[in-house]
Structures are given as structure tokens and as C-alpha cells.
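A.B. asks: Sharing coords-v1.cif below, mmCIF, C-alpha atoms:
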data_coords
#
loop_
_atom_site.label_atom_id
_atom_site.label_comp_id
_atom_site.auth_asym_id
_atom_site.auth_seq_id
_atom_site.Cartn_x
_atom_site.Cartn_y
_atom_site.Cartn_z
CA GLN A 1 106.96 96.64 92.72
CA THR A 2 105.00 99.17 94.77
CA ARG A 3 104.12 101.21 91.70
CA GLN A 4 103.06 98.08 89.78
CA ALA A 5 100.94 96.82 92.68
CA LEU A 6 99.20 100.18 93.02
CA ASP A 7 98.74 100.50 89.24
CA ASN A 8 97.10 97.06 89.29
CA LEU A 9 94.89 98.08 92.21
CA LYS A 10 93.87 101.27 90.42
CA ASN A 11 92.95 99.31 87.28
CA VAL A 12 90.79 96.87 89.25
CA ILE A 13 89.06 99.66 91.18
CA GLU A 14 88.36 101.65 88.02
CA ALA A 15 87.11 98.55 86.19
CA SER A 16 84.55 98.11 88.97
CA GLY A 17 83.20 101.62 88.34
CA SER A 18 84.91 103.23 91.31
CA SER A 19 88.03 105.39 91.67
CA MET A 20 91.05 105.80 93.90
CA ASP A 21 89.27 108.74 95.57
CA LYS A 22 86.71 106.27 96.87
CA VAL A 23 89.20 103.93 98.54
CA LEU A 24 88.30 103.66 102.22
CA LYS A 25 90.99 101.32 103.58
CA VAL A 26 94.32 99.98 102.33
CA THR A 27 96.46 97.21 103.77
CA LEU A 28 100.07 96.94 102.64
CA PHE A 29 102.03 93.73 103.19
CA ILE A 30 105.77 94.21 102.71
CA THR A 31 108.64 91.80 103.22
CA ASP A 32 111.22 94.41 104.23
CA MET A 33 110.07 97.17 106.57
CA SER A 34 113.29 99.09 105.91
CA LEU A 35 111.78 99.86 102.49
CA PHE A 36 108.73 101.54 104.03
CA PRO A 37 109.94 105.11 103.24
CA GLN A 38 110.20 104.24 99.52
CA VAL A 39 106.84 102.43 99.59
CA ASN A 40 105.26 105.40 101.35
CA SER A 41 106.63 107.81 98.75
CA VAL A 42 105.07 105.89 95.85
CA TYR A 43 101.85 105.36 97.85
CA ALA A 44 101.53 109.15 98.26
CA GLU A 45 101.49 109.53 94.46
CA PHE A 46 98.28 107.48 94.29
CA PHE A 47 96.57 108.98 97.33
CA ASP A 48 97.62 112.63 97.32
CA SER A 49 94.44 114.44 98.40
CA ASN A 50 92.26 111.67 99.82
CA ARG A 51 94.29 109.43 102.10
CA PRO A 52 92.31 106.38 103.20
CA ALA A 53 92.87 104.51 106.46
CA ARG A 54 95.96 102.34 106.12
CA SER A 55 97.71 99.44 107.77
CA CYS A 56 101.20 98.20 106.94
CA ILE A 57 102.15 94.68 107.92
CA ALA A 58 105.56 93.02 107.74
CA ALA A 59 105.30 89.65 106.00
CA ALA A 60 108.01 87.01 106.16
CA SER A 61 107.28 86.07 102.56
CA LEU A 62 104.66 86.66 99.90
CA PRO A 63 103.47 84.51 96.99
CA LYS A 64 105.74 84.26 93.94
CA GLY A 65 108.56 86.04 95.78
CA VAL A 66 107.06 89.52 95.52
CA MET A 67 108.09 92.17 98.04
CA ILE A 68 104.71 93.90 98.37
CA GLU A 69 101.04 93.02 98.24
CA VAL A 70 98.18 95.53 98.48
CA ASP A 71 94.62 94.99 99.65
CA ALA A 72 91.97 97.71 99.51
CA ILE A 73 88.32 98.41 100.18
CA ALA A 74 86.59 101.02 98.02
CA SER A 75 83.03 102.25 97.71
CA VAL A 76 81.33 101.98 94.34
#
If you took the structure in this file and wrote it as C-alpha cells, what would it be?
C.D. replies:
Amino acid sequence: QTRQALDNLKNVIEASGSSMDKVLKVTLFITDMSLFPQVNSVYAEFFDSNRPARSCIAAASLPKGVMIEVDAIASV
């Protein structure tokens, strides 16, 4: 789910004329903090050289039963 969420984010950012290198801030909402190491590993694949500011928040539940939701701010 992390990879899909970040792929979706990348597609939206690129469709707006920006890129993942221009992401300034990311917020991750995850339902199980014990999965953070796996989430972090996939996250690093998308932000290898330019790591934006990041927050990770534990959420009791997310819409449609997903385990992760990603919010980001990018410059265009």
C-alpha cells in the first residue's frame, strides 16, 4: 500500500508540472506504527537524494480500510 500511495502521489505531482525532487513536506498517516520500518524503506526509494521534511502520524483508522495515506506539498 505504501508503494501504491507514493506512486499515486508521484503521478499527481508530475501531472501538475512538478516532480518528486520539488516536494517540500510529506505527512504519512499509518494505522500500524510497527510497520514504520517497512514504510520508511519504500519511502526512501521515492526520496533518495532530496528528502523533504516529514511527519508520520498514527491513525486509528483511515477511509476505505487503507493502512496508509500520504499528503504532500510540492513547489511547481
A.B. asks: Just want the 10 Å neighbourhood of A:Ser61, counted on only C-alpha atoms, with same-chain residues fewer than 4 positions away dropped. Output as a PyMOL selection string.
C.D. replies: chain A and resi 29-32+65-68
A.B. asks: Taking only C-alpha atoms into account, name the residue in A:Ala58, A:Ala72, A:Lys64, A:Asn8 that is nearest to A:Leu35.
C.D. replies: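 Answer, going by the shortest atom-to-atom distance: A:Ala58.
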A.B. asks: I'd like the neighbourhood of A:Ala53 as a list in words, where a residue qualifies if any of its atoms comes within 8 Å (using all atoms listed in the file), though same-chain residues fewer than 3 positions away should be ignored.
C.D. replies: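 Result of the neighbour search: Leu24, Lys25 and Val26 of chain A.
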A.B. asks: Which of these, A:Ser49, A:Lys22, A:Met33, A:Ser55, has the shortest distance to A:Lys10 once you count all atoms listed in the file?
C.D. replies: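 Among the listed residues, the smallest separation from A:Lys10 belongs to A:Lys22.
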A.B. asks: What residues come out when you apply the PyMOL selection byres ((chain A and resi 50) around 12) to this file, written as a list in words?
C.D. replies: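 What the PyMOL selection byres ((chain A and resi 50) around 12) grabs from the file is Ser19, Met20, Asp21, Lys22, Val23, Leu24, Lys25, Tyr43, Ala44, Glu45, Phe46, Phe47, Asp48, Ser49, Arg51, Pro52, Ala53 and Arg54 of chain A.
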A.B. asks: Quick one: pull the distance between atom CA of A:Gly17 and atom CA of A:Asp71, Å, one decimal.
C.D. replies: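 Computing it gives 17.4 Å between the two atoms.
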A.B. asks: Need the shell around A:Ser16: protein/DNA/RNA residues with any atom at most 10 Å away, counting only C-alpha atoms. Skip same-chain ones fewer than 6 positions apart. Format as a PyMOL selection string?
C.D. replies: chain A and resi 10+74-76
A.B. asks: Quote the spacing between atom CA of A:Ser41 and atom CA of A:Pro63 in Å to one decimal place.
C.D. replies: 23.6 Å
A.B. asks: Need the axis-aligned box for stretch 39-46 of chain A with 4 Å each side, so what are the centre and edges in Å to one decimal, as JSON?
C.D. replies:
{"center_x": 102.6, "center_y": 106.0, "center_z": 97.8, "size_x": 16.6, "size_y": 15.1, "size_z": 15.1}
A.B. asks: Quote the spacing between atom CA of A:Ala15 and atom CA of A:Pro37 in Å to one decimal place.
C.D. replies: 29.2 Å
A.B. asks: Name the closest residue to A:Thr2 among the candidates A:Ala60, A:Ser34, A:Asn40, A:Thr27; distances are taken between atoms, counting all atoms listed in the file.
C.D. replies: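 Smallest distance to A:Thr2 is found for A:Asn40.
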